[in-house]
Amino acid sequence: MSNDLQGFELPLRLLLGFRMLIDELHEELARQGHPEMRPMHGFVFQAIMRAGGPYGTTAADLGRALGVSKQAAGKTIDMLEGLGYVRPGHDPGDARRKTYTLTPHAYDALERSEQIFDGLRDQWAETIGEDRLRAMVEDLRKVTPSDVFRLDTPQWFNTP
């Protein structure tokens, strides 16, 4: 192994790249009307869309998807509801089952995020070249799982 590329540098560089992209995303989201958005919110939005059925998701289902307790998921839901990103509802098949869905405000943040990520990707392509960026992503696809939505990732940092 070459001395100029030590083993610990790879995960740190990947994490720094992720952090830079997420920080730049949230700076731009704040400028575009979503100053309250935090990195965890994107994971929660994706989990609500993926874990929930047509009538939304429950706090328990959200907790399982995110790898957190039902109580922690409930606190997150309450905060997002207060910010206008989530609204409560009920499953018509079981009125006791309280569900949550995303609001138009949340979908706006997701649509803006997609556009901002496209712009950030273009900036990286300008910096390192389209071919090198494409090769990097293709190589990462070879060594990472095909499901890019590991929604428990934020909690994973706290796992003993």
# chains A, B, ... in the order shown; residues from 1 in each chain; ligands from 1
call {"tool": "residues_around", "arguments": {"residues": "His26 in chain A", "least_positions_apart": "3", "cutoff": "9 Å", "atoms": "only C-alpha atoms", "output": "ChimeraX atom specification"}}
result
/A:21-23,29-31,34-35,37-39,113
call {"tool": "closest_residue", "arguments": {"among": "A:Arg19, A:Lys75, A:Arg13, A:Arg50", "to": "Leu102 in chain A", "atoms": "only C-alpha atoms"}}
result
A:Arg50
call {"tool": "closest_residue", "arguments": {"among": "A:Glu81, A:Asp122, A:Asp147, A:Glu24", "to": "Tyr100 in chain A", "atoms": "only C-alpha atoms"}}
result
A:Glu81
call {"tool": "select_by_dssp", "arguments": {"residues": "chain A", "states": "strand (DSSP E or B)", "output": "ChimeraX atom specification"}}
result
/A:53,56-57,86-91,94-102
call {"tool": "write_last_selection", "arguments": {"atoms": "all heavy atoms", "output": "compact mmCIF listing (two decimals), in the first residue's frame"}}
result
# COMPACT_ATOMS: atom_id res chain seq x y z
N GLY A 53 -47.99 3.65 4.41
CA GLY A 53 -48.88 3.24 3.33
C GLY A 53 -49.57 4.47 2.78
O GLY A 53 -49.12 5.60 2.99
N GLY A 56 -50.24 7.14 5.41
CA GLY A 56 -49.14 7.63 6.23
C GLY A 56 -48.48 6.54 7.04
O GLY A 56 -48.72 5.35 6.83
N THR A 57 -47.66 6.97 7.96
CA THR A 57 -46.92 6.03 8.80
C THR A 57 -47.19 6.34 10.26
O THR A 57 -47.55 7.46 10.60
CB THR A 57 -45.41 6.08 8.49
OG1 THR A 57 -44.76 5.01 9.15
CG2 THR A 57 -44.79 7.38 8.92
N VAL A 86 -45.15 17.97 8.69
CA VAL A 86 -45.88 16.71 8.87
C VAL A 86 -47.28 17.04 9.39
O VAL A 86 -47.44 17.98 10.17
CB VAL A 86 -45.14 15.80 9.88
CG1 VAL A 86 -45.94 14.58 10.24
CG2 VAL A 86 -43.79 15.38 9.33
N ARG A 87 -48.26 16.26 8.96
CA ARG A 87 -49.61 16.44 9.49
C ARG A 87 -50.14 15.09 9.98
O ARG A 87 -49.86 14.05 9.37
CB ARG A 87 -50.53 17.06 8.46
CG ARG A 87 -50.87 16.16 7.32
CD ARG A 87 -51.94 16.80 6.41
NE ARG A 87 -51.72 16.29 5.07
CZ ARG A 87 -51.52 17.05 4.00
NH1 ARG A 87 -51.52 18.34 4.09
NH2 ARG A 87 -51.33 16.50 2.83
N PRO A 88 -50.91 15.13 11.05
CA PRO A 88 -51.47 13.88 11.57
C PRO A 88 -52.72 13.46 10.81
O PRO A 88 -53.38 14.27 10.17
CB PRO A 88 -51.83 14.24 13.01
CG PRO A 88 -52.12 15.70 12.97
CD PRO A 88 -51.22 16.27 11.89
N GLY A 89 -53.02 12.19 10.89
CA GLY A 89 -54.22 11.64 10.29
C GLY A 89 -54.55 10.33 10.98
O GLY A 89 -53.97 9.98 12.01
N HIS A 90 -55.49 9.60 10.39
CA HIS A 90 -55.88 8.30 10.94
C HIS A 90 -56.05 7.32 9.80
O HIS A 90 -56.45 7.69 8.69
CB HIS A 90 -57.18 8.40 11.72
CG HIS A 90 -57.03 9.17 13.00
ND1 HIS A 90 -56.45 8.65 14.12
CD2 HIS A 90 -57.37 10.44 13.32
CE1 HIS A 90 -56.45 9.55 15.09
NE2 HIS A 90 -57.00 10.67 14.62
N ASP A 91 -55.75 6.09 10.09
CA ASP A 91 -55.96 5.01 9.13
C ASP A 91 -57.46 4.71 9.09
O ASP A 91 -58.05 4.42 10.12
CB ASP A 91 -55.18 3.78 9.60
CG ASP A 91 -55.21 2.65 8.60
OD1 ASP A 91 -56.17 2.56 7.81
OD2 ASP A 91 -54.27 1.83 8.62
N ASP A 94 -58.51 1.57 10.78
CA ASP A 94 -58.35 1.46 12.23
C ASP A 94 -58.21 2.87 12.78
O ASP A 94 -57.13 3.44 12.80
CB ASP A 94 -57.11 0.62 12.56
CG ASP A 94 -56.91 0.40 14.04
OD1 ASP A 94 -57.65 1.00 14.86
OD2 ASP A 94 -56.00 -0.38 14.40
N ALA A 95 -59.33 3.42 13.24
CA ALA A 95 -59.36 4.82 13.70
C ALA A 95 -58.43 5.07 14.88
O ALA A 95 -58.05 6.21 15.13
CB ALA A 95 -60.79 5.23 14.06
N ARG A 96 -58.04 4.02 15.60
CA ARG A 96 -57.11 4.19 16.73
C ARG A 96 -55.68 4.39 16.25
O ARG A 96 -54.84 4.87 16.99
CB ARG A 96 -57.16 2.95 17.65
CG ARG A 96 -58.52 2.70 18.27
CD ARG A 96 -58.56 1.33 18.88
NE ARG A 96 -58.35 0.35 17.81
CZ ARG A 96 -58.01 -0.91 17.99
NH1 ARG A 96 -57.86 -1.38 19.19
NH2 ARG A 96 -57.84 -1.73 16.96
N ARG A 97 -55.41 4.02 15.03
CA ARG A 97 -54.06 4.08 14.48
C ARG A 97 -53.77 5.49 13.97
O ARG A 97 -54.23 5.90 12.91
CB ARG A 97 -53.95 3.06 13.36
CG ARG A 97 -52.60 2.89 12.76
CD ARG A 97 -52.68 1.78 11.71
NE ARG A 97 -51.88 2.09 10.59
CZ ARG A 97 -50.67 1.58 10.36
NH1 ARG A 97 -50.17 0.70 11.19
NH2 ARG A 97 -49.98 1.94 9.30
N LYS A 98 -52.98 6.24 14.74
CA LYS A 98 -52.62 7.61 14.36
C LYS A 98 -51.47 7.55 13.35
O LYS A 98 -50.45 6.92 13.59
CB LYS A 98 -52.21 8.41 15.60
CG LYS A 98 -52.10 9.89 15.33
CD LYS A 98 -51.94 10.68 16.61
CE LYS A 98 -51.97 12.15 16.32
NZ LYS A 98 -51.80 12.95 17.53
N THR A 99 -51.68 8.20 12.23
CA THR A 99 -50.67 8.20 11.17
C THR A 99 -50.21 9.62 10.88
O THR A 99 -50.84 10.59 11.29
CB THR A 99 -51.24 7.56 9.89
OG1 THR A 99 -52.36 8.32 9.45
CG2 THR A 99 -51.62 6.11 10.11
N TYR A 100 -49.13 9.70 10.13
CA TYR A 100 -48.55 11.00 9.77
C TYR A 100 -48.15 10.98 8.31
O TYR A 100 -47.61 10.00 7.82
CB TYR A 100 -47.33 11.30 10.65
CG TYR A 100 -47.68 11.30 12.10
CD1 TYR A 100 -47.60 10.13 12.85
CD2 TYR A 100 -48.15 12.45 12.72
CE1 TYR A 100 -47.97 10.12 14.19
CE2 TYR A 100 -48.52 12.44 14.05
CZ TYR A 100 -48.42 11.27 14.77
OH TYR A 100 -48.80 11.26 16.09
N THR A 101 -48.42 12.09 7.65
CA THR A 101 -48.03 12.24 6.25
C THR A 101 -47.28 13.56 6.09
O THR A 101 -47.35 14.44 6.94
CB THR A 101 -49.27 12.25 5.32
OG1 THR A 101 -50.16 13.29 5.74
CG2 THR A 101 -49.98 10.91 5.33
N LEU A 102 -46.60 13.67 4.97
CA LEU A 102 -45.88 14.90 4.67
C LEU A 102 -46.85 15.96 4.14
O LEU A 102 -47.84 15.64 3.49
CB LEU A 102 -44.80 14.65 3.63
CG LEU A 102 -43.70 13.67 4.03
CD1 LEU A 102 -42.71 13.49 2.87
CD2 LEU A 102 -42.97 14.12 5.29
